file protein_5.cif (mmCIF, C-alpha atoms)
data_upload
loop_
_atom_site.group_PDB
_atom_site.id
_atom_site.type_symbol
_atom_site.label_atom_id
_atom_site.label_comp_id
_atom_site.auth_asym_id
_atom_site.auth_seq_id
_atom_site.Cartn_x
_atom_site.Cartn_y
_atom_site.Cartn_z
ATOM 1 C CA MET A 48 52.774 -69.559 179.201
ATOM 2 C CA ALA A 49 50.720 -69.825 182.370
ATOM 3 C CA GLU A 50 49.507 -73.316 181.528
ATOM 4 C CA THR A 51 52.932 -74.910 181.327
ATOM 5 C CA ARG A 52 53.979 -73.254 184.549
ATOM 6 C CA GLY A 53 50.906 -74.387 186.469
ATOM 7 C CA GLY A 54 50.576 -77.862 184.953
ATOM 8 C CA ARG A 55 54.153 -79.031 185.264
ATOM 9 C CA PRO A 56 55.996 -78.558 188.533
ATOM 10 C CA ILE A 57 59.254 -79.585 186.859
ATOM 11 C CA GLY A 58 59.026 -76.664 184.485
ATOM 12 C CA SER A 59 58.362 -74.250 187.297
ATOM 13 C CA SER A 60 61.323 -75.518 189.275
ATOM 14 C CA GLN A 61 63.551 -74.767 186.323
ATOM 15 C CA ARG A 62 62.574 -71.141 186.194
ATOM 16 C CA PRO A 63 60.846 -70.251 189.407
ATOM 17 C CA THR A 64 61.596 -66.551 189.305
ATOM 18 C CA GLY A 65 60.472 -66.209 185.725
ATOM 19 C CA GLY A 66 57.160 -67.716 186.636
ATOM 20 C CA ASP A 67 56.734 -65.340 189.530
ATOM 21 C CA LYS A 68 57.449 -62.388 187.372
ATOM 22 C CA ALA A 69 54.867 -63.499 184.868
ATOM 23 C CA ILE A 70 52.248 -63.600 187.604
ATOM 24 C CA VAL A 71 53.176 -60.139 188.782
ATOM 25 C CA SER A 72 53.000 -58.713 185.301
ATOM 26 C CA ASN A 73 49.634 -60.373 184.756
ATOM 27 C CA LYS A 74 48.330 -58.713 187.884
ATOM 28 C CA ARG A 75 49.742 -55.397 186.801
ATOM 29 C CA GLN A 76 47.697 -55.444 183.653
ATOM 30 C CA PHE A 77 44.711 -54.900 185.885
ATOM 31 C CA PHE A 78 45.484 -51.326 186.808
ATOM 32 C CA ARG A 79 47.732 -50.429 183.923
ATOM 33 C CA ARG A 80 46.240 -47.574 182.000
ATOM 34 C CA ARG A 81 47.027 -46.503 178.517
ATOM 35 C CA LYS A 82 50.125 -44.379 178.413
ATOM 36 C CA VAL A 83 49.988 -41.227 176.381
ATOM 37 C CA CYS A 84 52.602 -38.705 175.444
ATOM 38 C CA LYS A 85 52.041 -35.674 177.625
ATOM 39 C CA PHE A 86 53.553 -33.353 175.069
ATOM 40 C CA CYS A 87 51.281 -34.537 172.289
ATOM 41 C CA VAL A 88 48.182 -34.460 174.471
ATOM 42 C CA ASP A 89 48.862 -31.007 175.915
ATOM 43 C CA LYS A 90 50.134 -29.828 172.502
ATOM 44 C CA ILE A 91 53.454 -28.651 173.871
ATOM 45 C CA ASP A 92 55.561 -28.087 170.767
ATOM 46 C CA HIS A 93 58.488 -26.422 172.398
ATOM 47 C CA ILE A 94 60.112 -28.419 175.164
ATOM 48 C CA ASP A 95 62.087 -25.637 176.756
ATOM 49 C CA TYR A 96 65.212 -26.325 178.762
ATOM 50 C CA LYS A 97 64.299 -23.376 180.973
ATOM 51 C CA ASP A 98 61.002 -24.869 182.034
ATOM 52 C CA VAL A 99 62.231 -26.679 185.110
ATOM 53 C CA ARG A 100 58.831 -27.591 186.432
ATOM 54 C CA LEU A 101 57.913 -29.436 183.252
ATOM 55 C CA LEU A 102 61.245 -31.185 182.868
ATOM 56 C CA SER A 103 61.401 -32.298 186.479
ATOM 57 C CA MET A 104 58.297 -34.381 185.847
ATOM 58 C CA PHE A 105 60.433 -36.551 183.579
ATOM 59 C CA ILE A 106 63.410 -37.184 185.797
ATOM 60 C CA SER A 107 63.604 -39.691 188.579
ATOM 61 C CA GLU A 108 64.425 -38.841 192.163
ATOM 62 C CA ARG A 109 68.033 -39.600 191.436
ATOM 63 C CA GLY A 110 68.020 -37.155 188.572
ATOM 64 C CA LYS A 111 67.907 -39.708 185.794
ATOM 65 C CA ILE A 112 65.803 -39.302 182.698
ATOM 66 C CA ILE A 113 62.714 -41.501 182.910
ATOM 67 C CA PRO A 114 62.616 -43.963 179.992
ATOM 68 C CA ARG A 115 59.850 -43.848 177.451
ATOM 69 C CA ARG A 116 58.666 -47.258 178.461
ATOM 70 C CA LEU A 117 57.699 -45.832 181.843
ATOM 71 C CA SER A 118 56.602 -42.328 180.996
ATOM 72 C CA GLY A 119 54.824 -43.091 177.731
ATOM 73 C CA VAL A 120 56.362 -40.139 175.893
ATOM 74 C CA CYS A 121 56.465 -40.642 172.143
ATOM 75 C CA THR A 122 59.807 -41.041 170.377
ATOM 76 C CA PRO A 123 60.160 -37.555 168.823
ATOM 77 C CA CYS A 124 59.080 -35.913 172.063
ATOM 78 C CA GLN A 125 61.452 -38.001 174.131
ATOM 79 C CA ARG A 126 64.289 -36.989 171.863
ATOM 80 C CA ARG A 127 63.487 -33.329 172.350
ATOM 81 C CA LEU A 128 62.886 -33.872 176.038
ATOM 82 C CA SER A 129 66.214 -35.535 176.685
ATOM 83 C CA GLU A 130 67.926 -32.771 174.760
ATOM 84 C CA ALA A 131 66.238 -30.162 176.924
ATOM 85 C CA ILE A 132 67.055 -32.017 180.130
ATOM 86 C CA LYS A 133 70.697 -32.216 179.155
ATOM 87 C CA GLN A 134 70.811 -28.512 178.420
ATOM 88 C CA ALA A 135 69.161 -27.751 181.738
ATOM 89 C CA ARG A 136 71.704 -29.936 183.497
ATOM 90 C CA ASN A 137 74.502 -28.035 181.886
ATOM 91 C CA ILE A 138 73.374 -24.743 183.347
ATOM 92 C CA ALA A 139 72.582 -26.180 186.791
ATOM 93 C CA LEU A 140 68.833 -26.019 186.460
ATOM 94 C CA LEU A 141 68.574 -29.777 186.870
ATOM 95 C CA PRO A 142 70.915 -32.151 188.689
ATOM 96 C CA PHE A 143 73.179 -34.607 186.926
ATOM 97 C CA ALA A 144 72.748 -36.948 189.840
ATOM 98 C CA THR A 145 71.593 -36.645 193.386
ATOM 99 C CA ARG A 146 73.148 -38.530 196.210
ATOM 100 C CA ALA A 147 71.504 -41.679 197.479
ATOM 101 C CA VAL A 148 69.289 -40.917 200.450
ATOM 102 C CA ALA A 149 70.679 -43.417 202.964
ATOM 103 C CA ALA A 150 72.036 -46.958 202.810
ATOM 104 C CA ALA A 151 71.793 -49.150 199.718
ATOM 105 C CA GLY A 152 68.653 -51.060 198.911
ATOM 106 C CA SER A 153 66.464 -48.017 198.668
ATOM 107 C CA HIS A 154 66.248 -48.533 194.940
ATOM 108 C CA GLY A 155 63.083 -50.550 194.604
ATOM 109 C CA MET B 106 71.853 -13.080 161.387
ATOM 110 C CA ARG B 107 70.941 -15.783 163.788
ATOM 111 C CA ILE B 108 68.977 -15.645 166.969
ATOM 112 C CA TYR B 109 70.642 -16.925 170.100
ATOM 113 C CA GLU B 110 69.839 -17.277 173.716
ATOM 114 C CA GLU B 111 72.530 -16.859 176.312
ATOM 115 C CA LEU B 112 71.878 -17.985 179.854
ATOM 116 C CA PHE B 113 74.585 -17.366 182.390
ATOM 117 C CA ILE B 114 75.072 -17.531 186.127
ATOM 118 C CA ILE B 115 76.711 -14.750 188.118
ATOM 119 C CA ARG B 116 78.187 -15.384 191.548
ATOM 120 C CA PRO B 117 75.595 -14.955 194.282
ATOM 121 C CA GLU B 118 77.655 -12.511 196.334
ATOM 122 C CA ALA B 119 77.911 -10.028 193.472
ATOM 123 C CA THR B 120 76.293 -6.684 194.220
ATOM 124 C CA GLU B 121 73.582 -5.093 192.142
ATOM 125 C CA GLU B 122 76.129 -2.806 190.468
ATOM 126 C CA GLU B 123 78.418 -5.688 189.622
ATOM 127 C CA ILE B 124 75.566 -7.562 188.014
ATOM 128 C CA GLU B 125 74.618 -4.493 186.030
ATOM 129 C CA ALA B 126 78.245 -4.077 185.005
ATOM 130 C CA VAL B 127 78.409 -7.645 183.713
ATOM 131 C CA ASN B 128 75.137 -7.243 181.836
ATOM 132 C CA SER B 129 76.167 -4.015 180.137
ATOM 133 C CA GLN B 130 79.549 -5.511 179.321
ATOM 134 C CA MET B 131 77.901 -8.454 177.606
ATOM 135 C CA ALA B 132 75.483 -6.188 175.786
ATOM 136 C CA ALA B 133 78.464 -4.151 174.603
ATOM 137 C CA ALA B 134 80.157 -7.334 173.399
ATOM 138 C CA ILE B 135 77.103 -8.156 171.328
ATOM 139 C CA THR B 136 76.599 -4.731 169.799
ATOM 140 C CA SER B 137 80.303 -4.140 169.114
ATOM 141 C CA THR B 138 80.438 -7.209 166.867
ATOM 142 C CA GLY B 139 77.399 -6.234 164.849
ATOM 143 C CA GLY B 140 74.813 -8.020 166.933
ATOM 144 C CA MET B 141 71.623 -6.785 168.479
ATOM 145 C CA VAL B 142 70.266 -7.385 171.953
ATOM 146 C CA ASP B 143 66.608 -8.374 171.820
ATOM 147 C CA LYS B 144 65.868 -8.717 175.488
ATOM 148 C CA VAL B 145 67.541 -9.153 178.834
ATOM 149 C CA ASP B 146 65.734 -11.147 181.449
ATOM 150 C CA LYS B 147 67.098 -11.234 184.986
ATOM 151 C CA TRP B 148 65.795 -14.282 186.774
ATOM 152 C CA GLY B 149 67.454 -13.292 190.005
ATOM 153 C CA LEU B 150 68.985 -15.447 192.670
ATOM 154 C CA ARG B 151 68.123 -19.074 192.257
ATOM 155 C CA LYS B 152 69.166 -22.305 193.823
ATOM 156 C CA LEU B 153 71.548 -24.374 191.726
ATOM 157 C CA ALA B 154 70.796 -28.013 191.079
ATOM 158 C CA TYR B 155 74.370 -28.850 192.012
ATOM 159 C CA ARG B 156 77.205 -26.956 193.591
ATOM 160 C CA LEU B 157 79.265 -24.728 191.370
ATOM 161 C CA GLN B 158 82.538 -23.316 192.637
ATOM 162 C CA LYS B 159 81.426 -24.320 196.155
ATOM 163 C CA LYS B 160 78.293 -22.243 195.865
ATOM 164 C CA SER B 161 74.764 -23.489 195.920
ATOM 165 C CA GLU B 162 73.116 -20.351 194.580
ATOM 166 C CA GLY B 163 73.537 -18.197 191.547
ATOM 167 C CA TYR B 164 72.144 -15.128 189.846
ATOM 168 C CA TYR B 165 70.670 -16.131 186.482
ATOM 169 C CA VAL B 166 70.547 -13.769 183.532
ATOM 170 C CA LEU B 167 69.032 -14.603 180.167
ATOM 171 C CA ILE B 168 69.926 -12.560 177.102
ATOM 172 C CA GLN B 169 68.287 -13.061 173.759
ATOM 173 C CA PHE B 170 70.203 -11.555 170.895
ATOM 174 C CA GLN B 171 70.817 -11.617 167.175
ATOM 175 C CA GLY B 172 74.212 -11.946 165.636
ATOM 176 C CA GLY B 173 76.607 -14.100 163.735
ATOM 177 C CA ALA B 174 79.358 -16.466 164.720
ATOM 178 C CA GLU B 175 81.679 -13.567 165.563
ATOM 179 C CA THR B 176 79.244 -12.234 168.115
ATOM 180 C CA VAL B 177 78.961 -15.562 169.858
ATOM 181 C CA LYS B 178 82.690 -16.025 169.855
ATOM 182 C CA GLU B 179 83.338 -12.648 171.416
ATOM 183 C CA LEU B 180 80.517 -12.988 173.931
ATOM 184 C CA GLU B 181 81.665 -16.405 175.077
ATOM 185 C CA ARG B 182 85.225 -15.182 175.388
ATOM 186 C CA ARG B 183 84.108 -12.343 177.617
ATOM 187 C CA LEU B 184 81.970 -14.622 179.714
ATOM 188 C CA ARG B 185 84.867 -17.001 180.169
ATOM 189 C CA VAL B 186 87.234 -14.207 181.162
ATOM 190 C CA ASN B 187 84.847 -12.622 183.622
ATOM 191 C CA ASP B 188 85.383 -13.904 187.159
ATOM 192 C CA ALA B 189 81.873 -13.064 188.270
ATOM 193 C CA VAL B 190 80.356 -15.430 185.714
ATOM 194 C CA MET B 191 80.238 -18.995 186.960
ATOM 195 C CA LYS B 192 78.711 -20.758 183.995
ATOM 196 C CA PHE B 193 77.015 -19.991 180.701
ATOM 197 C CA LEU B 194 75.034 -21.702 177.979
ATOM 198 C CA THR B 195 74.512 -20.516 174.432
ATOM 199 C CA VAL B 196 71.604 -21.895 172.465
ATOM 200 C CA ARG B 197 70.794 -21.085 168.892
ATOM 201 C CA ILE B 198 67.047 -20.723 168.630
ATOM 202 C CA ASP B 199 66.231 -19.264 165.212
ATOM 203 C CA GLU B 200 65.763 -22.643 163.573
ATOM 204 C CA LYS B 201 63.780 -23.817 166.532
ATOM 205 C CA LEU B 202 61.526 -20.765 166.262
ATOM 206 C CA LYS B 203 61.061 -21.389 162.564
ATOM 207 C CA TRP B 204 60.193 -24.984 163.221
ATOM 208 C CA LEU B 205 57.723 -23.980 165.911
ATOM 209 C CA GLU B 206 56.074 -21.491 163.607
ATOM 210 C CA ARG B 207 55.694 -24.130 160.907
ATOM 211 C CA ARG B 208 54.245 -26.550 163.377
ATOM 212 C CA ARG B 209 51.815 -24.021 164.778
ATOM 213 C CA LYS B 210 50.583 -23.216 161.272
ATOM 214 C CA ALA B 211 50.129 -26.868 160.434
ATOM 215 C CA ARG B 212 48.146 -27.300 163.583
ATOM 216 C CA GLU B 213 45.902 -24.362 162.780
ATOM 217 C CA LYS B 214 45.344 -25.700 159.289
ATOM 218 C CA ARG B 215 44.365 -29.032 160.673
ATOM 219 C CA ALA B 216 41.978 -27.399 163.103
ATOM 220 C CA ALA B 217 40.400 -25.370 160.327
ATOM 221 C CA ARG B 218 39.898 -28.389 158.096
ATOM 222 C CA ARG B 219 37.582 -30.035 160.582
ATOM 223 C CA PRO B 220 35.701 -27.194 162.201
ATOM 224 C CA GLN B 221 33.292 -29.060 164.450
ATOM 225 C CA PRO B 222 34.141 -32.693 164.959
ATOM 226 C CA PRO B 223 31.164 -34.361 166.584
ATOM 227 C CA VAL B 224 33.382 -36.479 168.817
ATOM 228 C CA ALA B 225 35.185 -33.637 170.581
ATOM 229 C CA PRO B 226 33.509 -30.242 170.324
ATOM 230 C CA ALA B 227 35.830 -28.614 172.861
ATOM 231 C CA MET B 228 38.962 -29.191 170.771
ATOM 232 C CA PRO B 229 39.701 -25.672 169.422
ATOM 233 C CA ALA B 230 39.474 -24.131 172.889
ATOM 234 C CA GLN B 231 42.189 -26.409 174.213
ATOM 235 C CA GLU B 232 44.588 -25.485 171.497
ATOM 236 C CA VAL B 233 44.684 -21.867 172.597
ATOM 237 C CA ALA B 234 45.721 -22.902 176.093
ATOM 238 C CA ALA B 235 48.891 -24.673 174.968
ATOM 239 C CA MET B 236 51.120 -21.792 173.946
ATOM 240 C CA PRO B 237 54.638 -22.615 172.772
ATOM 241 C CA GLY B 238 56.404 -19.776 174.521
ATOM 242 C CA ALA B 239 55.464 -21.023 177.948
ATOM 243 C CA PRO B 240 56.623 -18.827 180.821
ATOM 244 C CA VAL B 241 59.605 -20.047 182.697
ATOM 245 C CA SER B 242 58.847 -21.379 186.096
ATOM 246 C CA ARG B 243 60.745 -19.631 188.798
ATOM 247 C CA GLU B 244 60.476 -21.110 192.196
ATOM 248 C CA GLU B 245 62.511 -20.204 195.234
#
call {"tool": "encode", "arguments": {"input": "protein_5.cif", "output": "structure tokens"}}
result
Amino acid sequence: MAETRGGRPIGSSQRPTGGDKAIVSNKRQFFRRRKVCKFCVDKIDHIDYKDVRLLSMFISERGKIIPRRLSGVCTPCQRRLSEAIKQARNIALLPFATRAVAAAGSHG
Amino acid sequence: MRIYEELFIIRPEATEEEIEAVNSQMAAAITSTGGMVDKVDKWGLRKLAYRLQKKSEGYYVLIQFQGGAETVKELERRLRVNDAVMKFLTVRIDEKLKWLERRRKAREKRAARRPQPPVAPAMPAQEVAAMPGAPVSREE
């Protein structure tokens, strides 16, 4: 992938952004550490909808559920987690959404 | 008989007596339909994650009880009718408890099968720390 992009300027002009992204992701591999499921590691069987402190670790600032690909939670745990978050939202323990802080563009 | 958990929010301006009245009313609803109240946990005034009926606070009460479908039906009807109650959530937990018990046993069995793994000698100690019935965090 990197060879074709570096060797041929024509190819890079066709997809300049894609090439940039590839570089960024290559750099990221440097400090990426292995993701592990917190619930499996800490042996938390019961993901309780009442445990706000635990659940709030898995929602973004806007109140969205953080995807597995970012948090590293395993599939069964994520299923239970999202269930718990939705229950907590229902009873106003967690927000459905929080308002954007200021003008647009803050989402980076 | 099934085990349920009922979490509901009472208006923040309700007095202590009003809250007690609601609680005893709900307990009566459970017992009158053949149910049984296991425990009542008053969380107290807590900030809501979003505004409910133009209020940003609420008094949370958690009731764990046993009962059938009739009990839940009657309890939810009473909660809906009561003006002091802003919102409620019923969760059936008996199957969850059963599942947790099974899982805990399996984990113990696994731990017993390999008593002292040379790789991680501190393993059994960590298992005790992670209890399933973790206490509810109550900030504010």
call {"tool": "resolve_selection", "arguments": {"input": "protein_5.cif", "expression": "the PyMOL selection byres ((chain A) within 12 of (chain B))", "output": "ChimeraX atom specification"}}
result
/A:85-103,109-110,127,130-131,133-146
call {"tool": "axis_aligned_box", "arguments": {"input": "protein_5.cif", "around": "stretch 150-163 of chain B", "padding_each_side": "8 Å", "output": "lines of an AutoDock Vina configuration file"}}
result
center_x = 75.3
center_y = -22.1
center_z = 193.6
size_x = 30.4
size_y = 29.4
size_z = 21.1
call {"tool": "closest_residue", "arguments": {"input": "protein_5.cif", "among": "B:Ala216, B:Leu150, B:Val166, B:Ile108", "to": "B:Asn128", "atoms": "all atoms listed in the file"}}
result
B:Val166
call {"tool": "closest_residue", "arguments": {"input": "protein_5.cif", "among": "B:Asn187, B:Lys214, B:Met106, B:Ser137", "to": "B:Glu123", "atoms": "all atoms listed in the file"}}
result
B:Asn187
